[in-house]
Structures are given as structure tokens and as C-alpha cells.
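Colleague: Pasting final-v9.txt below, which is compact mmCIF, C-alpha atoms.
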# COMPACT_ATOMS: atom_id res chain seq x y z
CA MET A 1 158.54 71.99 68.62
CA LYS A 2 155.72 73.47 66.59
CA PRO A 3 154.38 76.65 68.24
CA ASP A 4 150.86 76.61 69.65
CA THR A 5 148.81 78.88 67.42
CA THR A 6 145.49 78.24 69.16
CA THR A 7 143.77 81.53 69.89
CA ALA A 8 141.90 82.30 73.08
CA ALA A 9 138.65 82.29 71.11
CA GLN A 10 139.38 78.83 69.74
CA ALA A 11 140.49 77.53 73.13
CA ASN A 12 137.31 78.36 74.99
CA ASN A 13 133.90 76.74 74.70
CA ILE A 14 131.85 79.70 73.42
CA ALA A 15 130.44 79.55 69.89
CA ALA A 16 128.24 81.74 67.72
CA PRO A 17 124.84 80.04 67.20
CA THR A 18 125.47 78.93 63.61
CA GLY A 19 123.75 75.93 62.09
CA GLU A 20 126.90 73.92 62.68
CA ALA A 21 127.02 74.94 66.36
CA ILE A 22 123.33 74.08 66.82
CA SER A 23 123.99 70.64 65.31
CA ARG A 24 126.94 70.13 67.63
CA ALA A 25 124.80 71.17 70.59
CA VAL A 26 122.12 68.64 69.61
CA ALA A 27 124.74 65.88 69.37
CA LEU A 28 126.08 66.74 72.84
CA LEU A 29 122.60 66.81 74.34
CA ARG A 30 121.77 63.42 72.86
CA GLU A 31 124.93 62.06 74.47
CA GLY A 32 123.65 63.24 77.87
CA GLN A 33 125.97 66.27 78.00
CA VAL A 34 125.06 69.84 78.99
CA VAL A 35 125.11 72.98 76.84
CA GLY A 36 125.04 76.70 77.70
CA LEU A 37 121.87 78.15 76.20
CA PRO A 38 120.77 81.79 75.81
CA THR A 39 117.19 82.66 76.63
CA GLU A 40 115.49 86.03 76.92
CA THR A 41 115.65 85.76 80.74
CA VAL A 42 119.12 84.43 81.66
CA TYR A 43 121.51 81.86 80.20
CA GLY A 44 120.52 78.28 81.01
CA LEU A 45 122.48 75.08 81.54
CA ALA A 46 120.57 72.83 79.17
CA GLY A 47 120.29 69.05 79.26
CA ASP A 48 117.89 66.41 77.97
CA GLY A 49 114.80 66.87 80.12
CA LEU A 50 113.72 63.22 79.84
CA ASN A 51 117.15 61.66 80.47
CA PRO A 52 117.85 61.14 84.19
CA ALA A 53 121.60 60.87 83.56
CA ALA A 54 121.61 64.26 81.79
CA LEU A 55 119.53 65.78 84.60
CA ALA A 56 122.02 64.40 87.13
CA ARG A 57 124.81 66.08 85.17
CA ILE A 58 123.02 69.44 85.46
CA PHE A 59 122.78 69.05 89.23
CA GLU A 60 126.45 68.02 89.36
CA VAL A 61 127.81 70.92 87.28
CA LYS A 62 125.72 73.51 89.13
CA GLN A 63 126.36 71.92 92.54
CA ARG A 64 122.61 72.18 92.95
CA PRO A 65 120.77 70.28 95.71
CA LEU A 66 118.52 67.52 94.40
CA PHE A 67 115.52 68.96 96.25
CA ASP A 68 115.44 72.03 93.97
CA PRO A 69 113.29 71.23 90.88
CA LEU A 70 114.12 72.14 87.30
CA ILE A 71 112.13 73.89 84.55
CA LEU A 72 111.53 72.01 81.31
CA HIS A 73 111.70 74.16 78.16
CA LEU A 74 109.79 73.38 74.98
CA PRO A 75 109.29 75.18 71.66
CA ASP A 76 105.51 75.74 71.86
CA ALA A 77 102.48 75.41 74.12
CA ASP A 78 101.23 72.15 72.59
CA SER A 79 104.53 70.36 73.26
CA ALA A 80 104.74 71.87 76.76
CA PHE A 81 101.21 70.84 77.68
CA SER A 82 101.88 67.32 76.37
CA LEU A 83 103.89 66.78 79.58
CA ALA A 84 101.04 67.88 81.87
CA GLU A 85 98.40 65.52 83.21
CA LYS A 86 95.87 68.32 83.66
CA ILE A 87 95.70 71.77 82.04
CA PRO A 88 93.40 74.26 83.79
CA VAL A 89 91.70 76.97 81.75
CA ALA A 90 93.86 79.64 83.41
CA ALA A 91 97.00 77.86 82.20
CA ARG A 92 95.78 77.93 78.60
CA GLU A 93 94.89 81.61 78.88
CA LEU A 94 98.31 82.47 80.28
CA ALA A 95 100.09 80.43 77.63
CA GLN A 96 98.13 82.12 74.84
CA ARG A 97 99.09 85.57 76.15
CA PHE A 98 102.65 85.09 77.41
CA TRP A 99 104.23 82.15 75.54
CA PRO A 100 106.80 82.29 74.09
CA GLY A 101 108.13 84.42 76.92
CA PRO A 102 109.42 84.65 80.49
CA LEU A 103 106.60 82.71 82.19
CA THR A 104 106.80 79.26 83.79
CA LEU A 105 103.66 77.28 84.61
CA VAL A 106 103.73 74.54 87.25
CA LEU A 107 101.18 71.80 86.44
CA PRO A 108 100.50 68.15 87.37
CA LYS A 109 103.05 66.03 85.52
CA LYS A 110 102.71 62.96 83.34
CA GLU A 111 104.68 59.83 84.21
CA ILE A 112 107.08 60.39 81.30
CA VAL A 113 108.66 63.27 83.23
CA PRO A 114 111.51 61.91 85.38
CA ASP A 115 111.17 62.43 89.12
CA LEU A 116 114.65 63.97 89.12
CA ALA A 117 113.34 66.86 86.99
CA THR A 118 110.66 67.65 89.57
CA SER A 119 112.66 66.70 92.69
CA GLY A 120 110.03 64.07 93.39
CA LEU A 121 107.09 66.48 93.26
CA SER A 122 103.91 65.61 91.39
CA GLU A 123 104.02 68.88 89.40
CA VAL A 124 106.33 69.86 86.55
CA ALA A 125 107.53 73.40 85.72
CA LEU A 126 107.09 74.21 82.02
CA ARG A 127 108.23 77.17 79.89
CA VAL A 128 108.30 78.17 76.23
CA PRO A 129 111.27 80.55 75.79
CA GLY A 130 111.15 83.31 73.20
CA HIS A 131 114.86 83.64 72.38
CA PRO A 132 115.51 82.63 68.75
CA VAL A 133 118.58 80.55 69.66
CA ALA A 134 116.65 78.67 72.34
CA GLN A 135 113.85 78.09 69.86
CA ALA A 136 116.27 76.84 67.19
CA LEU A 137 117.92 74.39 69.58
CA LEU A 138 114.63 73.11 70.99
CA ARG A 139 113.23 72.44 67.53
CA ALA A 140 116.43 70.81 66.35
CA PHE A 141 116.65 68.64 69.48
CA GLY A 142 113.01 67.58 69.30
CA GLY A 143 112.34 67.21 73.01
CA PRO A 144 112.20 69.08 76.32
CA LEU A 145 115.35 70.65 77.71
CA ALA A 146 115.87 71.28 81.40
CA ALA A 147 117.74 74.58 81.62
CA PRO A 148 118.25 76.16 85.04
CA SER A 149 120.46 79.24 85.17
CA ALA A 150 124.03 78.42 84.08
CA ASN A 151 125.79 79.30 87.32
CA ARG A 152 126.86 77.56 90.48
CA PHE A 153 123.96 77.07 92.86
CA GLY A 154 122.93 80.20 94.74
CA ARG A 155 125.24 82.49 92.77
CA ILE A 156 124.50 85.39 90.42
CA SER A 157 122.63 84.34 87.29
CA PRO A 158 124.52 84.85 84.00
CA THR A 159 123.13 87.16 81.33
CA ASP A 160 125.85 86.71 78.71
CA ALA A 161 128.01 83.86 77.43
CA GLN A 162 131.21 85.09 79.11
CA ALA A 163 129.50 85.02 82.50
CA VAL A 164 128.57 81.36 81.91
CA ARG A 165 132.19 80.52 81.19
CA ALA A 166 133.35 82.49 84.24
CA GLU A 167 130.93 80.52 86.40
CA LEU A 168 131.28 76.99 85.02
CA GLY A 169 134.43 76.96 82.89
CA ASP A 170 135.19 73.80 80.93
CA ALA A 171 132.50 71.78 82.71
CA VAL A 172 130.24 72.96 79.86
CA PRO A 173 131.58 71.68 76.52
CA LEU A 174 129.64 74.24 74.45
CA ILE A 175 128.10 77.64 75.21
CA LEU A 176 125.94 79.12 72.46
CA ASP A 177 126.46 82.88 72.41
CA GLY A 178 123.15 84.62 71.80
CA GLY A 179 124.28 88.02 73.07
CA PRO A 180 123.07 89.78 76.24
CA CYS A 181 119.72 88.63 77.62
CA GLU A 182 116.93 91.06 76.83
CA VAL A 183 114.82 90.54 79.98
CA GLY A 184 117.69 89.84 82.39
CA LEU A 185 115.56 88.27 85.17
CA GLU A 186 114.42 84.66 85.47
CA SER A 187 110.88 83.78 84.48
CA THR A 188 107.82 84.39 86.60
CA VAL A 189 106.70 81.04 88.07
CA LEU A 190 103.03 80.28 88.73
CA LEU A 191 101.46 77.15 90.23
CA ILE A 192 98.14 76.63 88.47
CA SER A 193 95.65 74.22 90.05
CA ASP A 194 91.98 74.07 91.02
CA ARG A 195 92.72 76.61 93.73
CA GLN A 196 93.76 80.26 93.47
CA PRO A 197 96.92 80.64 91.31
CA LEU A 198 100.07 80.80 93.43
CA LEU A 199 103.08 83.01 92.61
CA LEU A 200 106.15 80.90 93.42
CA ARG A 201 108.68 83.36 91.99
CA ALA A 202 108.34 86.92 90.71
CA GLY A 203 110.10 87.36 87.39
CA GLY A 204 110.09 88.65 83.84
CA ILE A 205 106.29 89.01 83.51
CA PRO A 206 104.95 91.69 85.91
CA LEU A 207 102.34 90.37 88.32
CA GLU A 208 99.93 93.15 87.33
CA GLU A 209 99.78 91.81 83.76
CA ILE A 210 99.04 88.31 85.01
CA GLU A 211 96.31 89.41 87.41
CA SER A 212 94.67 91.51 84.71
CA LEU A 213 94.17 88.27 82.78
CA ILE A 214 93.30 85.64 85.42
CA GLY A 215 92.41 87.62 88.56
CA PRO A 216 94.09 87.72 91.99
CA VAL A 217 97.20 85.63 92.57
CA GLN A 218 98.32 84.39 95.98
CA HIS A 219 101.97 84.84 96.99
CA ALA A 220 104.04 81.90 98.22
CA THR A 221 106.59 82.50 100.96
CA PRO A 222 110.30 81.66 100.50
CA VAL A 223 111.40 78.36 102.04
CA ASP A 224 114.58 76.92 103.55
CA ASP A 225 114.34 73.64 101.64
CA LYS A 226 112.05 71.56 99.42
CA PRO A 227 110.82 74.38 97.15
CA GLN A 228 108.00 73.90 94.64
CA ALA A 229 109.94 75.79 91.97
CA PRO A 230 113.43 77.17 91.25
CA GLY A 231 114.37 80.43 92.96
CA GLN A 232 112.01 79.91 95.90
CA LEU A 233 114.72 79.44 98.52
CA LYS A 234 115.25 82.22 101.07
CA HIS A 235 118.91 82.72 100.14
CA HIS A 236 119.74 82.83 96.44
CA TYR A 237 121.31 84.95 93.68
CA ALA A 238 124.07 85.85 96.12
CA PRO A 239 127.32 87.73 95.38
CA ARG A 240 130.46 86.63 97.20
CA LYS A 241 130.68 90.01 98.95
CA PRO A 242 128.19 91.10 101.62
CA LEU A 243 125.17 93.02 100.30
CA ARG A 244 122.91 95.41 102.19
CA LEU A 245 119.47 96.34 100.86
CA GLU A 246 118.31 99.84 101.80
CA TRP A 247 115.21 101.88 100.96
CA ASP A 248 117.10 105.18 100.95
CA LEU A 249 120.85 105.15 100.43
CA ARG A 250 121.08 108.80 101.42
CA ASP A 251 120.67 107.66 105.03
CA ILE A 252 123.72 105.37 104.83
CA GLU A 253 127.34 106.28 105.55
CA PHE A 254 129.76 104.25 103.47
CA GLY A 255 133.31 104.60 102.30
CA PRO A 256 135.22 104.35 99.03
CA ASP A 257 135.23 100.53 99.22
CA GLY A 258 131.44 100.40 98.76
CA GLY A 259 129.78 99.27 95.56
CA VAL A 260 126.50 101.17 95.25
CA ILE A 261 123.53 100.06 93.11
CA LEU A 262 121.14 102.92 92.36
CA PHE A 263 117.89 103.34 90.44
CA GLY A 264 116.56 106.51 88.88
CA ASP A 265 117.67 110.13 89.08
CA LEU A 266 118.66 110.25 92.76
CA SER A 267 119.60 113.72 93.98
CA GLY A 268 122.99 113.80 95.68
CA ALA A 269 124.09 110.46 94.25
CA ASP A 270 127.03 112.02 92.42
CA SER A 271 128.61 112.82 95.76
CA PHE A 272 128.49 109.21 96.99
CA PRO A 273 131.92 107.66 97.57
CA GLY A 274 132.70 104.23 96.18
CA VAL A 275 131.88 102.58 92.87
CA ILE A 276 128.48 103.69 91.59
CA GLU A 277 126.25 101.71 89.23
CA ASN A 278 122.78 102.87 88.18
CA LEU A 279 120.35 100.23 86.88
CA SER A 280 118.37 102.91 85.02
CA ARG A 281 118.88 106.65 85.37
CA THR A 282 115.49 107.25 83.74
CA GLY A 283 113.66 104.98 86.19
CA ASP A 284 112.80 102.38 83.54
CA LEU A 285 112.11 99.08 85.33
CA ARG A 286 112.64 96.99 82.19
CA GLU A 287 116.06 98.57 81.66
CA ALA A 288 116.83 97.97 85.33
CA ALA A 289 115.89 94.29 85.02
CA ALA A 290 118.07 93.82 81.95
CA ASN A 291 121.04 95.39 83.77
CA PHE A 292 120.51 93.86 87.21
CA PHE A 293 122.59 90.67 87.20
CA ARG A 294 125.25 92.24 84.97
CA VAL A 295 125.75 95.11 87.43
CA LEU A 296 125.70 92.79 90.44
CA ARG A 297 128.35 90.55 88.88
CA ARG A 298 130.52 93.53 87.84
CA LEU A 299 130.59 94.95 91.38
CA ASP A 300 131.18 91.53 92.87
CA ASP A 301 134.24 91.12 90.64
CA ASP A 302 135.59 94.66 91.19
CA PRO A 303 138.71 94.53 93.43
CA ARG A 304 138.01 98.06 94.70
CA VAL A 305 134.72 96.94 96.26
CA ARG A 306 134.48 95.25 99.66
CA ILE A 307 130.75 95.59 100.42
CA LEU A 308 127.67 96.18 98.27
CA TYR A 309 124.77 98.53 98.96
CA ALA A 310 121.60 98.31 96.89
CA MET A 311 118.69 100.72 96.74
CA ALA A 312 115.29 99.02 96.80
CA LEU A 313 113.16 99.65 93.71
CA PRO A 314 109.47 100.57 93.51
CA GLU A 315 107.29 97.60 94.54
CA HIS A 316 105.44 97.26 91.24
CA GLY A 317 106.08 95.84 87.79
CA LEU A 318 109.53 94.30 87.47
CA GLY A 319 110.61 96.19 90.58
CA LEU A 320 108.89 93.49 92.64
CA ALA A 321 111.04 90.79 91.03
CA ILE A 322 114.28 92.77 91.41
CA ASN A 323 113.59 93.50 95.08
CA GLU A 324 112.80 89.84 95.69
CA ARG A 325 116.22 88.90 94.34
CA LEU A 326 117.96 91.62 96.36
CA GLU A 327 116.28 90.38 99.54
CA ARG A 328 117.46 86.83 98.90
CA ALA A 329 120.95 87.98 97.95
CA ALA A 330 121.39 90.21 101.01
CA HIS A 331 123.77 88.82 103.64
Could you rewrite the structure in this file as C-alpha cells?
Modeller:
Amino acid sequence: MKPDTTTAAQANNIAAPTGEAISRAVALLREGQVVGLPTETVYGLAGDGLNPAALARIFEVKQRPLFDPLILHLPDADSAFSLAEKIPVAARELAQRFWPGPLTLVLPKKEIVPDLATSGLSEVALRVPGHPVAQALLRAFGGPLAAPSANRFGRISPTDAQAVRAELGDAVPLILDGGPCEVGLESTVLLISDRQPLLLRAGGIPLEEIESLIGPVQHATPVDDKPQAPGQLKHHYAPRKPLRLEWDLRDIEFGPDGGVILFGDLSGADSFPGVIENLSRTGDLREAAANFFRVLRRLDDDPRVRILYAMALPEHGLGLAINERLERAAH
């Protein structure tokens, strides 16, 4: 019998984003298949945004409830707005400032957008990603791609290609490896209408930057079901192990089986028992965001750790988005 010389790299579904790999991804997408896609926020599970069968495959692979809408990704503002029935002035201002980038705008949809993409809602969530691999695939594909985070529903979002494979395995025929995600948090989601803009999900664009452009933004409350946008459910982004969110970890007694998530130069932290991870020793919120899901996944996979403790971050900038995810992950 001829020996099997297939290497581990050849056996898995991860590929460098070469021209050949992009072409293969396009072919898969046109067949209604799904592809792992890097963006600047997190890795997405991409499928043809106008093909209901492809959208159904996304829901199936993620084990995502059909009431949770998807975000459609496009290469530029003109193509994104072509799917919207109405485009308020504030939406155009936000797009001009923040697209491409980690911002999603929820606008009234045109009939061409399948109801499955919006979970039956009359609005569609639109984003123009800035990652060069996402841009290359979108332009090669020539249409919108739905691309929710490439993980099982409710679990920790992946910020590198290996995390996608760990989450979804061979259910994804191709994962384009674009390296670690630069932002590391999902996009900020805003509902833009004739009323005051509504923040549906804090994310990669700090709220202060948005309000400096369009004025005050109202905050939506998390829901148990039927969200208006992804990531709006009360319980989400959850590790398998229990997680406790605390404002000051120095007040907590925990043992060596604790996994501890810190932020900044915290006096006395070196004496903490357990496995210690610091999102940013210098107190840099952007560094903390980029490290957040990676650290959460690493502690969740660590056999030494039985319970997770996380220190709440300052409630401004990207700290707001990180705390929002910690609150929804806590259980």
C-alpha cells in the first residue's frame, strides 16, 4: 500500500489568500457554499447574500436561529447603498467617514434582499469591510456576501483562521487566512432612520467618534429574541466555562484554577493565583480589543482553568464594546 504523504497543512481547509485561492472561493460561493473570510473585525462565514440556499447554509453551519439577522458585506458605499430603499443624510456622512471599516448601517431594504438575510425585518444591515482579503473576494465575487462571525452560535468569535477551523471544522470547505484580525471586535451597528440614530451593538468604531459626526445616539437594550441586528441578544460571545465580570479583581478570592483577564498596570496583579492574561498592560483600548477574543478563547481552552474572571474596562472608547461582550458572556 502506498504511504499517505498528505501533510496536515494539505489536509485542512485553510489557504493563503492567493489569486488561485480567491478564484476557488468565488467558485464555491457561486455554488451556494460557504467560505471562511478574514475581515478587520473578526473572521466571517461568508455566503452569497442574495441566494436563500446559501444563506440557509450559513444558518445551518453556525447553528444560528433564523430570527437573528445577517450583515451583508459589499466592496464600497455605492454598492452597499444600492440595496437600501432609503438612505438618510446621516448614513451617507457615516459611510464617507468610516467606510471601509468596522461600521454596519441598518437601513430600509430593497425587495432584492432575501427575507432570510434580514430575518423577515424590513431593514438590512450593510457593511463595507476594510480588510484587503475581504475586499479582493468581494470584488472578484461581484455581489454582496453575508458574513456573520465564523463560529457556532453564541460562542467566542474567531480572530484567526485556526480558530475558525477549531469552531467549524470541515463544514467550511475553504478558509482564507488573512492573519490575525486588526480590530478584534465585531462592527458597531447603527439603525439609521428618520428618528434619532439607534446603537444596536457597540463595536469597532467608538461611540464618541460617531456622535462627534452625527450628534447624540440612543442606546438599544439587549433582547431575548427577535433582534434588529447581530449581537443584540442578552447572552452571546460565551465561553464554555463560567465567567464572572468584576469591577475590581483585587476584591475577589480565587484559586489556582482561575483564568484571570486583566487590563492595564494593576498593582498586586503579579500575586494573583491562576492563569493571568492582560489585554493591554499599557491600558491601550485598541490593543485590548485586538486581544480580547484571542485571550478569551485561550483561557477557555486551557485545561488548568475551571472558571474565568474578567476585569471590567473603562466605559469609554472601545472599552464600552468590550464590556458589553463581557456582560453578555458572563454566566
Colleague: With all atoms listed in the file as the counted atoms, please give the residues lying no more than 12 Å from Ile252 of chain A, apart from itself and same-chain residues fewer than 3 positions off, as a ChimeraX atom specification.
Modeller: /A:244-249,255,258,260,269,272-273,308-311
Colleague: Pick from A:Leu145, A:Ala290, A:His331, A:Pro239: nearest to Asp302 of chain A, with only C-alpha atoms counted?
Modeller: A:Pro239
Colleague: I'd like to know which of A:Glu123, A:Glu253, A:Glu60, A:Glu277 is closest to Phe293 of chain A, using only C-alpha atoms.
Modeller: A:Glu277
Colleague: For Phe98 of chain A, find every residue with an atom within 12 Å (counting only C-alpha atoms), except residues of its own chain fewer than 2 positions away, and show them as a ChimeraX atom specification.
Modeller: /A:76-77,90-96,100-105,127-130,187-188,204-206,209-210,213
Colleague: Using Å and a single decimal, report how far atom CA of Ala321 of chain A sits from atom CA of Ala202 of chain A.
Modeller: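 Going from atom CA of Ala202 of chain A over to atom CA of Ala321 of chain A covers 4.7 Å.
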Colleague: Compile the contact shell of Gln63 of chain A as a list in words: residues with an atom at most 10 Å away, counting only C-alpha atoms, same-chain residues fewer than 5 positions apart removed.
Modeller: Arg57, Ile58, Asn151, Arg152, Phe153 and Gly154 of chain A
Colleague: Measuring atom to atom with only C-alpha atoms, identify which of A:Ser79, A:Gln232, A:Ser271, A:Thr118 is nearest to Arg250 of chain A.
Modeller: A:Ser271
Colleague: With only C-alpha atoms as the counted atoms, please give the residues lying no more than 9 Å from Leu320 of chain A, apart from itself and same-chain residues fewer than 3 positions off, as a PyMOL selection string.
Modeller: chain A and resi 202-203+206-207+313-317+323-325
Colleague: Keeping C-alpha atoms for every residue in the selection just given, could you write it to a file as a PDB file, in the frame of the given file?
Modeller:
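Contents of the output file part_2.pdb:
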ATOM      1  CA  ALA A 202     108.340  86.920  90.710  1.00  0.00           C
ATOM      2  CA  GLY A 203     110.100  87.360  87.390  1.00  0.00           C
ATOM      3  CA  PRO A 206     104.950  91.690  85.910  1.00  0.00           C
ATOM      4  CA  LEU A 207     102.340  90.370  88.320  1.00  0.00           C
ATOM      5  CA  LEU A 313     113.160  99.650  93.710  1.00  0.00           C
ATOM      6  CA  PRO A 314     109.470 100.570  93.510  1.00  0.00           C
ATOM      7  CA  GLU A 315     107.290  97.600  94.540  1.00  0.00           C
ATOM      8  CA  HIS A 316     105.440  97.260  91.240  1.00  0.00           C
ATOM      9  CA  GLY A 317     106.080  95.840  87.790  1.00  0.00           C
ATOM     10  CA  ASN A 323     113.590  93.500  95.080  1.00  0.00           C
ATOM     11  CA  GLU A 324     112.800  89.840  95.690  1.00  0.00           C
ATOM     12  CA  ARG A 325     116.220  88.900  94.340  1.00  0.00           C
TER      13      ARG A 325
END
Colleague: To one decimal in Å, tell me the separation between atom CA of His73 of chain A and atom CA of Ala140 of chain A.
Modeller: 13.2 Å
Colleague: Go through A:Gly319, A:Gly179, A:Pro114, A:Pro144 and flag the residue nearest Thr159 of chain A, using all atoms listed in the file for the distances.
Modeller: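 Distance minimum relative to Thr159 of chain A lands on A:Gly179.
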Colleague: Considering all atoms listed in the file, state which residue in the set A:Leu299, A:Ile87, A:Val42, A:Ile175 is at the smallest distance from Pro17 of chain A.
Modeller: A:Ile175
Colleague: Once you count all atoms listed in the file, which residues end up no further than 6 Å from (127.9, 77.9, 69.7) in the file's frame, shown as a list in words?
Modeller: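 Within the cut-off we find Ile14, Ala15, Ala16, Pro17, Ala21, Ile175, Leu176 and Asp177 of chain A.
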Colleague: So how many Å separate atom CA of Glu327 of chain A and atom CA of Ile261 of chain A, to one decimal?
Modeller: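 Atom-to-atom, atom CA of Glu327 of chain A to atom CA of Ile261 of chain A, that is 13.7 Å.
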Colleague: Looking at A:Val133, A:Leu243, A:Glu182, A:Arg328, which one is nearest to Thr221 of chain A, with distances taken over all atoms listed in the file?
Modeller: A:Arg328
Colleague: Kindly extract all protein, DNA and RNA residues lying within 12 Å of the coordinates (108.0, 59.2, 83.7) given in the file, considering all atoms listed in the file, and supply them as JSON, numbers by chain.
Modeller: {"A": [49, 50, 51, 52, 83, 84, 85, 109, 110, 111, 112, 113, 114, 115, 116, 117, 118, 120, 122, 123, 124]}
Colleague: Within 7 Å of segment 278-286 of chain A, counting only C-alpha atoms, which residues qualify if same-chain residues fewer than 4 places away don't, as a ChimeraX atom specification?
Modeller: /A:261-265,290-292,318-319
Colleague: With 6 Å on each side, where is the centre of the axis-aligned box around all listed atoms of segment 31-37 of chain A, and how long are its edges in Å to one decimal, as lines of an AutoDock Vina configuration file?
Modeller:
center_x = 123.9
center_y = 70.1
center_z = 76.7
size_x = 16.1
size_y = 28.1
size_z = 16.5
